file run38.cif (mmCIF, C-alpha atoms)
data_structure
loop_
_atom_site.label_atom_id
_atom_site.label_comp_id
_atom_site.auth_asym_id
_atom_site.auth_seq_id
_atom_site.Cartn_x
_atom_site.Cartn_y
_atom_site.Cartn_z
CA MET D 26 0.00 0.00 0.00
CA SER D 27 1.35 3.43 -0.93
CA ARG D 28 1.85 6.17 1.64
CA THR D 29 -0.85 8.32 0.04
CA CYS D 30 -3.42 5.51 0.19
CA TRP D 31 -2.47 4.72 3.80
CA ILE D 32 -2.94 8.32 4.92
CA LYS D 33 -6.25 8.64 3.05
CA GLY D 34 -7.47 5.43 4.68
CA CYS D 35 -6.56 6.68 8.16
CA TRP D 36 -8.40 9.95 7.71
CA ARG D 37 -11.48 8.29 6.22
CA ALA D 38 -11.65 6.03 9.29
CA LEU D 39 -11.17 9.06 11.52
CA ALA D 40 -13.98 10.95 9.80
CA ALA D 41 -16.35 7.99 10.23
CA VAL D 42 -15.57 7.55 13.94
CA VAL D 43 -15.93 11.26 14.65
CA ALA D 44 -19.22 11.44 12.76
CA VAL D 45 -20.71 8.55 14.76
CA ALA D 46 -19.33 9.71 18.11
CA THR D 47 -20.67 13.22 17.61
CA LEU D 48 -24.22 11.87 17.37
CA LEU D 49 -24.01 9.84 20.59
CA PRO D 50 -25.70 11.38 23.66
CA SER D 51 -23.38 12.52 26.44
CA PRO D 52 -22.93 15.28 29.01
CA ALA D 53 -21.82 18.66 27.75
CA SER D 54 -18.58 18.27 29.70
CA ALA D 55 -17.59 14.97 28.02
CA LEU D 56 -14.56 16.57 26.37
CA ASP D 57 -13.92 19.40 28.79
CA LEU D 58 -10.13 19.82 29.00
CA ASN D 59 -10.01 23.11 30.85
CA LYS D 60 -7.72 22.93 33.93
CA ARG D 61 -7.34 19.19 33.41
CA PHE D 62 -4.34 17.01 32.69
CA THR D 63 -4.07 14.33 30.02
CA VAL D 64 -1.55 11.55 29.44
CA GLY D 65 -1.56 9.62 26.20
CA PHE D 66 0.18 6.90 24.22
CA ARG D 67 0.12 6.83 20.42
CA LEU D 68 1.41 4.29 17.93
CA GLY D 69 2.04 5.87 14.56
CA ASP D 70 3.94 5.51 11.31
CA TYR D 71 6.90 7.71 10.35
CA LEU D 72 6.88 8.85 6.71
CA PRO D 73 10.14 10.50 5.54
CA ALA D 74 9.88 13.79 3.66
CA ASP D 75 13.38 13.98 2.13
CA GLU D 76 15.52 11.79 -0.12
CA GLU D 77 18.81 11.87 -2.03
CA LYS D 78 19.05 10.99 -5.73
CA GLY D 79 21.54 11.51 -8.52
CA GLY D 80 25.03 10.20 -9.23
CA PHE D 81 25.56 6.46 -9.34
CA ARG D 82 22.19 5.98 -7.65
CA PHE D 83 20.64 6.27 -11.12
CA PHE D 84 22.36 3.03 -12.11
CA GLY D 85 21.47 1.04 -9.01
CA THR D 86 19.50 -2.15 -9.48
CA GLY D 87 15.84 -2.34 -8.56
CA ALA D 88 14.04 -4.94 -6.48
CA LEU D 89 13.83 -7.35 -9.44
CA GLY D 90 17.38 -6.77 -10.64
CA ALA D 91 16.36 -4.29 -13.34
CA PRO D 92 18.13 -0.93 -13.61
CA GLY D 93 16.36 1.83 -11.73
CA GLU D 94 17.26 4.83 -9.64
CA HIS D 95 17.72 4.25 -5.92
CA ALA D 96 16.68 7.16 -3.74
CA ILE D 97 18.29 7.25 -0.30
CA GLU D 98 15.88 8.04 2.52
CA ILE D 99 15.09 7.28 6.12
CA ALA D 100 12.93 4.16 6.18
CA GLU D 101 9.24 4.17 7.06
CA VAL D 102 8.90 2.65 10.55
CA PRO D 103 6.38 2.46 13.45
CA VAL D 104 6.76 5.20 16.08
CA PRO D 105 5.65 5.09 19.76
CA THR D 106 4.84 8.47 21.35
CA LEU D 107 4.09 9.61 24.89
CA SER D 108 2.23 12.88 25.45
CA PHE D 109 1.39 15.00 28.48
CA GLY D 110 -1.18 17.79 28.16
CA TYR D 111 -2.93 20.47 30.19
CA GLY D 112 -6.03 22.49 29.37
CA VAL D 113 -5.04 26.12 29.64
CA ALA D 114 -8.26 28.00 28.93
CA LYS D 115 -11.65 28.09 27.28
CA LEU D 116 -11.95 30.50 24.37
CA GLY D 117 -15.69 30.87 24.11
CA LYS D 118 -18.25 28.09 24.34
CA LYS D 119 -16.82 25.71 21.74
CA VAL D 120 -13.06 26.37 21.65
CA GLN D 121 -10.44 25.26 24.16
CA LEU D 122 -6.67 25.78 24.28
CA SER D 123 -4.27 23.16 25.61
CA LEU D 124 -0.50 22.80 25.85
CA GLU D 125 1.14 19.45 25.17
CA LEU D 126 4.57 17.92 25.61
CA GLU D 127 5.22 14.91 23.38
CA VAL D 128 8.23 12.61 23.14
CA SER D 129 8.80 10.02 20.42
CA ARG D 130 11.71 7.66 19.83
CA PHE D 131 12.39 5.30 16.93
CA THR D 132 15.20 3.71 14.94
CA ALA D 133 15.14 3.47 11.14
CA GLU D 134 17.51 2.35 8.42
CA VAL D 135 19.03 4.94 6.09
CA GLY D 136 19.67 3.57 2.63
CA ASP D 137 20.30 2.01 0.31
CA GLU D 138 23.35 3.80 -1.10
CA THR D 139 24.66 2.76 -4.53
CA ALA D 140 28.42 2.15 -4.59
CA TYR D 141 30.66 1.59 -7.61
CA HIS D 142 33.20 -1.24 -7.39
CA ASP D 143 35.97 -2.06 -9.89
CA PRO D 144 38.17 -4.91 -8.55
CA ASP D 145 41.02 -4.41 -11.03
CA ALA D 146 40.68 -0.60 -11.08
CA SER D 147 40.87 -0.55 -14.87
CA VAL D 148 38.68 2.56 -15.08
CA ARG D 149 41.34 4.50 -13.16
CA VAL D 150 44.63 2.64 -13.81
CA PRO D 151 46.10 1.74 -17.26
CA LEU D 152 46.69 -2.05 -17.39
CA PRO D 153 48.48 -4.21 -19.98
CA ILE D 154 45.29 -6.15 -20.75
CA THR D 155 43.65 -2.90 -21.82
CA GLY D 156 46.53 -1.69 -23.96
CA PHE D 157 47.51 0.67 -21.14
CA ARG D 158 44.21 2.53 -21.41
CA ARG D 159 41.66 3.34 -18.74
CA THR D 160 38.59 1.35 -19.69
CA THR D 161 36.05 -1.18 -18.41
CA THR D 162 37.00 -4.86 -18.33
CA GLY D 163 33.68 -6.40 -17.31
CA ASP D 164 34.32 -6.81 -13.60
CA GLU D 165 32.77 -3.47 -12.65
CA GLU D 166 29.54 -3.55 -10.64
CA PHE D 167 27.10 -1.40 -8.68
CA VAL D 168 26.59 -2.48 -5.08
CA ASN D 169 23.63 -1.50 -2.90
CA LEU D 170 24.64 -0.77 0.70
CA PRO D 171 22.60 0.44 3.69
CA LEU D 172 24.34 3.42 5.26
CA GLY D 173 23.24 2.42 8.75
CA ASP D 174 20.58 3.05 11.38
CA ILE D 175 19.50 6.42 12.72
CA THR D 176 17.83 6.77 16.12
CA MET D 177 15.65 9.89 16.36
CA THR D 178 14.02 11.39 19.45
CA PRO D 179 11.68 14.29 18.59
CA ILE D 180 10.73 16.31 21.71
CA LEU D 181 8.03 18.87 20.91
CA VAL D 182 5.83 21.33 22.81
CA ASN D 183 2.53 22.00 21.03
CA ALA D 184 -0.21 24.59 21.42
CA LEU D 185 -3.51 23.01 20.35
CA PHE D 186 -6.94 24.55 19.68
CA HIS D 187 -9.91 22.19 20.19
CA TRP D 188 -13.39 22.58 18.67
CA SER D 189 -16.31 20.46 19.86
CA LYS D 190 -20.08 20.33 19.54
CA ASP D 191 -22.16 20.96 22.64
CA GLY D 192 -22.93 17.59 24.19
CA GLY D 193 -20.77 15.75 21.66
CA ARG D 194 -18.27 13.03 22.43
CA ALA D 195 -15.71 14.05 19.79
CA ASP D 196 -13.61 17.10 19.07
CA PHE D 197 -11.30 18.28 16.33
CA TYR D 198 -8.02 20.00 17.09
CA CYS D 199 -5.07 21.54 15.31
CA GLY D 200 -2.03 23.53 16.34
CA VAL D 201 1.66 24.21 16.01
CA GLY D 202 4.70 23.38 18.08
CA ALA D 203 8.47 23.65 18.41
CA GLY D 204 11.22 21.58 19.95
CA VAL D 205 14.32 19.58 19.20
CA VAL D 206 15.10 16.35 17.37
CA LEU D 207 17.88 14.39 19.06
CA ALA D 208 19.69 11.91 16.83
CA ASP D 209 22.36 9.23 16.84
CA PHE D 210 23.75 7.11 14.00
CA LYS D 211 25.27 3.66 13.72
CA LEU D 212 27.04 2.65 10.51
CA SER D 213 26.10 -0.65 8.91
CA ASP D 214 28.74 -3.40 8.82
CA ALA D 215 28.41 -3.60 5.03
CA TYR D 216 29.21 0.10 4.59
CA ILE D 217 32.11 -0.03 7.05
CA ASP D 218 33.60 -2.97 5.13
CA PHE D 219 33.21 -1.24 1.77
CA ALA D 220 34.38 2.24 2.82
CA SER D 221 37.17 1.11 5.20
CA ASP D 222 37.34 4.68 6.58
CA THR D 223 40.93 5.22 5.43
CA ASP D 224 40.93 9.00 5.92
CA GLY D 225 39.99 8.99 9.62
CA THR D 226 36.80 11.05 9.16
CA ASP D 227 33.27 9.92 9.91
CA ASP D 228 31.77 8.10 6.94
CA VAL D 229 28.29 9.25 7.96
CA SER D 230 27.53 12.03 10.44
CA VAL D 231 24.26 13.15 12.02
CA ASP D 232 23.42 16.41 13.80
CA GLU D 233 20.71 17.27 16.27
CA ALA D 234 18.40 20.10 15.20
CA PHE D 235 15.62 22.41 16.32
CA ALA D 236 12.27 21.70 14.69
CA THR D 237 8.80 23.12 14.21
CA SER D 238 5.62 21.06 13.83
CA VAL D 239 2.04 21.23 12.61
CA LYS D 240 -0.54 18.85 14.06
CA LEU D 241 -4.21 18.00 13.58
CA GLY D 242 -6.39 15.27 14.97
CA SER D 243 -9.47 14.31 16.97
CA ASN D 244 -10.34 13.03 20.46
CA VAL D 245 -13.26 10.67 20.95
CA SER D 246 -14.57 10.09 24.49
CA LEU D 247 -14.99 6.38 25.23
CA SER D 248 -17.29 6.78 28.24
CA ARG D 249 -19.35 9.49 29.86
CA ASN D 250 -18.29 8.33 33.32
CA ASN D 251 -14.49 8.39 33.08
CA GLY D 252 -11.67 10.18 31.30
CA TRP D 253 -10.58 7.60 28.72
CA MET D 254 -10.37 8.85 25.13
CA LEU D 255 -9.39 7.42 21.78
CA TYR D 256 -7.52 9.82 19.54
CA PHE D 257 -6.31 10.00 15.96
CA GLU D 258 -3.76 12.50 14.77
CA ALA D 259 -1.21 13.38 12.12
CA GLU D 260 1.70 15.77 12.42
CA PHE D 261 4.53 17.04 10.29
CA PHE D 262 7.82 18.29 11.70
CA THR D 263 10.62 20.06 9.88
CA THR D 264 14.01 21.54 10.71
CA ALA D 265 13.99 23.89 7.71
CA PHE D 266 12.63 26.83 9.74
CA PHE D 267 15.79 27.01 11.85
CA SER D 268 18.42 25.73 9.40
CA SER D 269 18.88 25.06 5.70
CA GLU D 270 21.46 22.35 6.45
CA ALA D 271 20.63 18.65 6.25
CA GLN D 272 21.23 16.59 9.38
CA VAL D 273 22.42 13.27 7.92
CA THR D 274 25.48 13.73 5.67
CA TRP D 275 28.17 11.53 4.16
CA PRO D 276 31.24 12.73 2.22
CA GLY D 277 31.42 9.65 0.01
CA VAL D 278 34.51 7.54 -0.67
CA ASP D 279 36.98 7.47 -3.57
CA TYR D 280 39.98 5.21 -3.01
CA PHE D 281 41.93 2.07 -3.92
CA ALA D 282 41.47 -0.68 -1.35
CA GLY D 283 44.49 -2.74 -2.50
CA THR D 284 47.31 -3.24 -5.00
CA GLN D 285 48.11 -5.72 -7.76
CA ASN D 286 51.11 -7.08 -9.67
CA VAL D 287 50.95 -7.17 -13.49
CA ASP D 288 52.93 -8.58 -16.40
CA ALA D 289 53.77 -5.44 -18.35
CA ASP D 290 55.92 -7.09 -21.10
CA GLY D 291 53.80 -10.18 -21.70
CA ASP D 292 56.33 -12.88 -20.71
CA ASN D 293 54.01 -14.40 -18.14
CA VAL D 294 56.10 -13.05 -15.31
CA ASP D 295 54.87 -10.22 -13.15
CA ASP D 296 57.34 -7.40 -13.49
CA THR D 297 55.34 -4.38 -12.32
CA PHE D 298 54.35 -4.32 -8.69
CA GLY D 299 52.11 -2.28 -6.44
CA ILE D 300 49.70 -0.98 -9.07
CA PRO D 301 46.52 0.30 -7.39
CA ALA D 302 43.55 -2.09 -7.52
CA ASP D 303 40.11 -2.69 -6.00
CA TYR D 304 38.75 0.76 -6.78
CA ARG D 305 35.71 1.85 -4.72
CA LEU D 306 33.55 4.93 -5.15
CA VAL D 307 30.52 6.31 -3.29
CA ASP D 308 28.95 9.69 -4.07
CA SER D 309 28.45 12.23 -1.31
CA GLY D 310 24.93 13.05 -0.16
CA ASN D 311 22.63 14.25 2.59
CA VAL D 312 19.05 13.93 3.83
CA ARG D 313 16.98 15.86 6.34
CA MET D 314 15.20 14.26 9.28
CA ASP D 315 11.90 15.94 8.34
CA GLY D 316 8.86 13.73 8.18
CA ALA D 317 5.23 13.08 9.07
CA ILE D 318 3.80 10.81 11.75
CA ALA D 319 0.21 9.56 11.60
CA GLY D 320 -1.31 7.21 14.13
CA ILE D 321 -3.91 6.23 16.71
CA GLY D 322 -3.69 6.22 20.49
CA VAL D 323 -5.43 6.26 23.86
CA LYS D 324 -5.50 9.16 26.29
CA TYR D 325 -6.62 9.57 29.89
CA ARG D 326 -7.97 12.82 31.33
CA PHE D 327 -7.77 13.59 35.03
CA GLY D 328 -7.80 16.48 37.50
CA GLY D 329 -10.11 19.48 37.52
CA LYS D 330 -13.08 20.16 39.78
CA LYS D 331 -15.49 17.42 40.73
CA VAL D 332 -18.60 19.17 39.42
CA ALA D 333 -20.94 16.19 39.27
CA ALA D 334 -21.54 15.80 43.01
CA SER D 335 -21.96 19.51 43.68
CA SER D 336 -24.31 19.88 40.74
CA THR D 337 -26.50 17.06 42.07
CA ALA D 338 -26.56 18.57 45.52
CA ALA D 339 -27.54 21.96 44.16
CA THR D 340 -30.52 20.62 42.24
CA GLU D 341 -31.88 18.27 44.91
CA PRO D 342 -34.85 19.88 46.76
CA GLU D 343 -34.66 20.11 50.52
CA ALA D 344 -37.03 17.93 52.57
CA PRO D 345 -39.79 19.93 54.33
CA SER D 346 -39.27 20.29 58.04
CA GLU D 347 -41.96 19.05 60.44
CA PRO D 348 -43.79 21.67 62.45
CA ALA D 349 -42.90 21.81 66.10
CA LYS D 350 -45.32 20.03 68.45
CA PRO D 351 -47.06 22.16 71.06
#
call {"tool": "encode", "arguments": {"input": "run38.cif", "output": "structure tokens"}}
result
Amino acid sequence: MSRTCWIKGCWRALAAVVAVATLLPSPASALDLNKRFTVGFRLGDYLPADEEKGGFRFFGTGALGAPGEHAIEIAEVPVPTLSFGYGVAKLGKKVQLSLELEVSRFTAEVGDETAYHDPDASVRVPLPITGFRRTTTGDEEFVNLPLGDITMTPILVNALFHWSKDGGRADFYCGVGAGVVLADFKLSDAYIDFASDTDGTDDVSVDEAFATSVKLGSNVSLSRNNGWMLYFEAEFFTTAFFSSEAQVTWPGVDYFAGTQNVDADGDNVDDTFGIPADYRLVDSGNVRMDGAIAGIGVKYRFGGKKVAASSTAATEPEAPSEPAKP
């Protein structure tokens, strides 16, 4: 299933649930968040927003072995998220404002990179078998290598505006946020073996970055007697507002991983030694950590004033007192 179809399916399901829940009878305070705390857990899907193309990636092999461009991107993976919210104020009868702290953490593969490998280095070194010309000899190949795994921890503070129907059990909300995306990277064994890191610099580096976010979703109250809610939401976060630099970068490699001996005069005896061989090449590139997360979760609301008991007491008529006996 494509990402577009997946997202459309999620939001169609959300629209159906909200439409049904809005028609169910419930107290007017079913989704009252004012001066109340919420804690939630969401399981979503990370969809990367950036990719790297060009260079030898155009000649990489596809899934069925056919030529086709390989775009490097952060893989689509499931994402767990914890959130903590507080209802700040009511803005009229139908609008509420809440602040939310959310923390996600997930690990995803970055790849695949397309590397160029020439075991006898004939494209860079003149050899006797080529008439001392730089040319292909048939041993050249394109190799697909995962760069490694990135671990990302987005920490965001969001301001959310909630709209709900009087007496309804569902609301719609949207808002913006800001925070930081912490990141760490672990190179794959395949890339380490191919690149050999002969220059002493990091083959792949990753930087932490400040981020902004946009979020929209819906809460659906599961019961009129407690604070459990089901919620659906989608958000997009980007680091472009604070920096134009990508966070995951690699300088590429361009080196000879060995040497060879050759017979330069054709007498079947090697007479030229130490000619560079095993040529390896990887283009440089970079990708941003930007992406979207869409998912479903459960949330619990607690705190606030206990209005139910006081309301009942206020409406209950007092029992008439008996007249005093003479």
call {"tool": "resolve_selection", "arguments": {"input": "run38.cif", "expression": "the PyMOL selection byres ((chain D and resi 101-110) around 8)", "output": "VMD selection string"}}
result
chain D and resid 62 to 73 99 to 100 111 to 112 123 to 133 318
call {"tool": "closest_residue", "arguments": {"input": "run38.cif", "among": "D:Val287, D:Val312, D:Leu152, D:Met254", "to": "Leu58 (chain D)", "atoms": "all atoms listed in the file"}}
result
D:Met254
call {"tool": "closest_residue", "arguments": {"input": "run38.cif", "among": "D:Val323, D:Ala195, D:Ile175, D:Ala74", "to": "Ala265 (chain D)", "atoms": "only C-alpha atoms"}}
result
D:Ala74
call {"tool": "closest_residue", "arguments": {"input": "run38.cif", "among": "D:Asn183, D:Asn311, D:Thr176, D:Thr263", "to": "Leu241 (chain D)", "atoms": "only C-alpha atoms"}}
result
D:Asn183
call {"tool": "closest_residue", "arguments": {"input": "run38.cif", "among": "D:Ser189, D:Gly277, D:Pro153, D:Val239", "to": "Asp295 (chain D)", "atoms": "all atoms listed in the file"}}
result
D:Pro153
call {"tool": "closest_residue", "arguments": {"input": "run38.cif", "among": "D:Ser213, D:Asn169, D:Ser221, D:Thr155", "to": "Gly283 (chain D)", "atoms": "all atoms listed in the file"}}
result
D:Ser221
call {"tool": "atom_distance", "arguments": {"input": "run38.cif", "atom1": "CA of Tyr280 (chain D)", "atom2": "CA of Arg313 (chain D)"}}
result
27.0 Å
call {"tool": "resolve_selection", "arguments": {"input": "run38.cif", "expression": "the PyMOL selection byres ((chain D and resi 147) around 8)", "output": "PyMOL selection string"}}
result
chain D and resi 143+145-146+148-152+155+158-162+302
call {"tool": "closest_residue", "arguments": {"input": "run38.cif", "among": "D:Phe157, D:Phe235, D:Phe262, D:Tyr256", "to": "Asp288 (chain D)", "atoms": "all atoms listed in the file"}}
result
D:Phe157
call {"tool": "resolve_selection", "arguments": {"input": "run38.cif", "expression": "the PyMOL selection byres ((chain D and resi 264) around 10)", "output": "PyMOL selection string"}}
result
chain D and resi 203-206+233-238+262-263+265-272+313-316
call {"tool": "residues_near_point", "arguments": {"input": "run38.cif", "point": "(28.2, 15.4, 6.1)", "cutoff": "8 Å", "atoms": "all atoms listed in the file", "output": "ChimeraX atom specification"}}
result
/D:229-231,272-276,310-311
call {"tool": "atom_distance", "arguments": {"input": "run38.cif", "atom1": "CA of Ala114 (chain D)", "atom2": "CA of Glu260 (chain D)"}}
result
22.8 Å
call {"tool": "axis_aligned_box", "arguments": {"input": "run38.cif", "around": "region 129-144 of chain D", "padding_each_side": "6 Å", "output": "lines of an AutoDock Vina configuration file"}}
result
center_x = 23.5
center_y = 2.6
center_z = 5.3
size_x = 41.4
size_y = 26.9
size_z = 42.3
